[in-house]
Amino acid sequence: MFEAEVTVPLDFRHHLEGFGEEFAKEHGHTWDVTVAVAVESLNQLGVSVDFIKLKKNLANLLKPYQGKLLNELEPFNEIPPTAEHIALWVAEGLSRTYPGLLRAVSVGTGSESARFIIDT
């Protein structure tokens with residue numbers, strides 16, 4: 001089995017209730033969103049996945065959220081825009097394009113992140 005990952009930065013603002021005063025204030029982040037896919041075998045070109053296409057699909061999903069206040073956009077106007085919820089939202093958004101191939105989505109920085117693992 002082969003696993004491939006791509007990463008796209010997400011630059012956004014948010015505020016979170018219930019985590020203390022510091023987080024209740026609007027603040028910004030640039031978090032890496034990393035998507036992992038897995039395949040049983042390589043294709044006829046000897047690769048597991050088209051990295052360019054995967055990265056483009058991830059970037060297109062994130063594009064409407066870049067530089068925005070997530071709390072004002074769906075689905076984060078209904079759920080807290082935490083790293084965990086962002087990871088779940090990305091997984092749901094890409095699962096239609098990569099059915100059965102998506103393995104995990106990580107959101108955060110190099111020193112702290114949340115990883116949503118897809119059971120297969």
# chains A, B, ... in the order shown; residues from 1 in each chain; ligands from 1

$ residues_around --residues "Ser41 in chain A" --least-positions-apart "3" --cutoff "10 Å" --atoms "only C-alpha atoms" --output "list in words"
Met1, Phe2, Glu3, Ala38, Gln44, Gly46, Val47, Ser48 and Val49 of chain A

$ write_last_selection --atoms "N, CA and C atoms" --output "short mmCIF file (atom, residue, chain, number, x, y, z; two decimals), in the first residue's frame"
data_model
loop_
_atom_site.label_atom_id
_atom_site.label_comp_id
_atom_site.auth_asym_id
_atom_site.auth_seq_id
_atom_site.Cartn_x
_atom_site.Cartn_y
_atom_site.Cartn_z
N MET A 1 0.86 -1.17 0.00
CA MET A 1 0.00 0.00 0.00
C MET A 1 0.90 1.24 0.00
N PHE A 2 0.46 2.26 -0.72
CA PHE A 2 1.19 3.52 -0.79
C PHE A 2 0.33 4.64 -0.24
N GLU A 3 0.96 5.53 0.51
CA GLU A 3 0.27 6.70 1.03
C GLU A 3 0.96 7.94 0.48
N ALA A 38 -4.45 6.89 0.35
CA ALA A 38 -3.73 5.62 0.25
C ALA A 38 -4.31 4.81 -0.90
N GLN A 44 -0.24 3.11 -13.96
CA GLN A 44 0.65 2.73 -15.07
C GLN A 44 1.84 3.67 -15.21
N GLY A 46 3.48 4.69 -12.58
CA GLY A 46 4.33 4.40 -11.43
C GLY A 46 4.16 5.35 -10.26
N VAL A 47 2.98 5.99 -10.18
CA VAL A 47 2.71 6.88 -9.05
C VAL A 47 1.44 6.44 -8.34
N SER A 48 1.32 6.89 -7.10
CA SER A 48 0.15 6.51 -6.30
C SER A 48 -1.04 7.41 -6.57
N VAL A 49 -0.77 8.71 -6.76
CA VAL A 49 -1.84 9.69 -6.94
C VAL A 49 -1.25 10.88 -7.69
#

$ residues_around --residues "Ala91 in chain A" --least-positions-apart "4" --cutoff "8 Å" --atoms "only C-alpha atoms" --output "list in words"
Ala87, Ser95, Leu102, Ala104, Val105 and Phe116 of chain A

$ atom_distance --atom1 "CA of Asn77 in chain A" --atom2 "CA of Ala36 in chain A"
26.7 Å

$ residues_around --residues "Gly110 in chain A" --least-positions-apart "2" --cutoff "9 Å" --atoms "only C-alpha atoms" --output "ChimeraX atom specification"
/A:31-32,108,112-113

$ write_last_selection --atoms "C-alpha atoms" --output "compact mmCIF listing (two decimals), in the first residue's frame"
# COMPACT_ATOMS: atom_id res chain seq x y z
CA TRP A 31 -2.43 26.48 9.63
CA ASP A 32 -1.27 23.72 7.33
CA GLY A 108 -2.43 22.89 12.50
CA GLU A 112 0.50 21.31 17.26
CA SER A 113 -2.18 19.83 15.07

$ residues_around --residues "Phe23 in chain A" --least-positions-apart "3" --cutoff "12 Å" --atoms "only C-alpha atoms" --output "JSON, numbers by chain"
{"A": [13, 14, 15, 16, 17, 18, 19, 20, 26, 27, 28, 29, 80, 81, 82]}

$ write_last_selection --atoms "C-alpha atoms" --output "PDB file, in the first residue's frame"
ATOM      1  CA  ARG A  13      -9.394  34.279  11.511  1.00  0.00           C
ATOM      2  CA  HIS A  14     -11.702  32.855  14.141  1.00  0.00           C
ATOM      3  CA  HIS A  15     -12.817  33.112  17.734  1.00  0.00           C
ATOM      4  CA  LEU A  16     -13.664  30.279  20.081  1.00  0.00           C
ATOM      5  CA  GLU A  17     -16.005  30.319  23.045  1.00  0.00           C
ATOM      6  CA  GLY A  18     -15.332  28.259  26.155  1.00  0.00           C
ATOM      7  CA  PHE A  19     -11.526  28.271  25.876  1.00  0.00           C
ATOM      8  CA  GLY A  20     -10.854  31.435  27.865  1.00  0.00           C
ATOM      9  CA  GLU A  26     -10.965  37.282  17.088  1.00  0.00           C
ATOM     10  CA  HIS A  27      -7.468  36.179  16.113  1.00  0.00           C
ATOM     11  CA  GLY A  28      -5.707  34.832  13.058  1.00  0.00           C
ATOM     12  CA  HIS A  29      -3.777  31.734  12.119  1.00  0.00           C
ATOM     13  CA  PRO A  80     -16.786  25.943  16.421  1.00  0.00           C
ATOM     14  CA  PRO A  81     -13.974  26.463  13.891  1.00  0.00           C
ATOM     15  CA  THR A  82     -11.483  24.281  15.743  1.00  0.00           C
TER      16      THR A  82
END

$ select_by_dssp --residues "chain A" --states "alpha helix (DSSP H)" --output "PyMOL selection string"
chain A and resi 21-24+51-62+83-95

$ closest_residue --among "A:Leu10, A:Ala4, A:Leu101, A:Ile52" --to "Gly67 in chain A" --atoms "only C-alpha atoms"
A:Leu10

$ select_by_dssp --residues "range 37-96 of chain A" --states "strand (DSSP E or B)" --output "list of chain:residue names"
A:Val37, A:Ala38, A:Val39, A:Leu69

$ closest_residue --among "A:Leu88, A:Leu70, A:Val37, A:Val6" --to "Gly100 in chain A" --atoms "only C-alpha atoms"
A:Val37

$ closest_residue --among "A:Leu45, A:Leu73, A:Leu58, A:Ile118" --to "Pro99 in chain A" --atoms "only C-alpha atoms"
A:Ile118

$ closest_residue --among "A:Glu40, A:Asn57, A:Lys25, A:Ala83" --to "Thr7 in chain A" --atoms "only C-alpha atoms"
A:Asn57

$ atom_distance --atom1 "CA of Ala59 in chain A" --atom2 "CA of Leu42 in chain A"
24.1 Å

$ atom_distance --atom1 "CA of Val39 in chain A" --atom2 "CA of Tyr98 in chain A"
10.5 Å

$ closest_residue --among "A:Glu84, A:Glu78, A:Glu21, A:Asp11" --to "Ala114 in chain A" --atoms "only C-alpha atoms"
A:Glu84
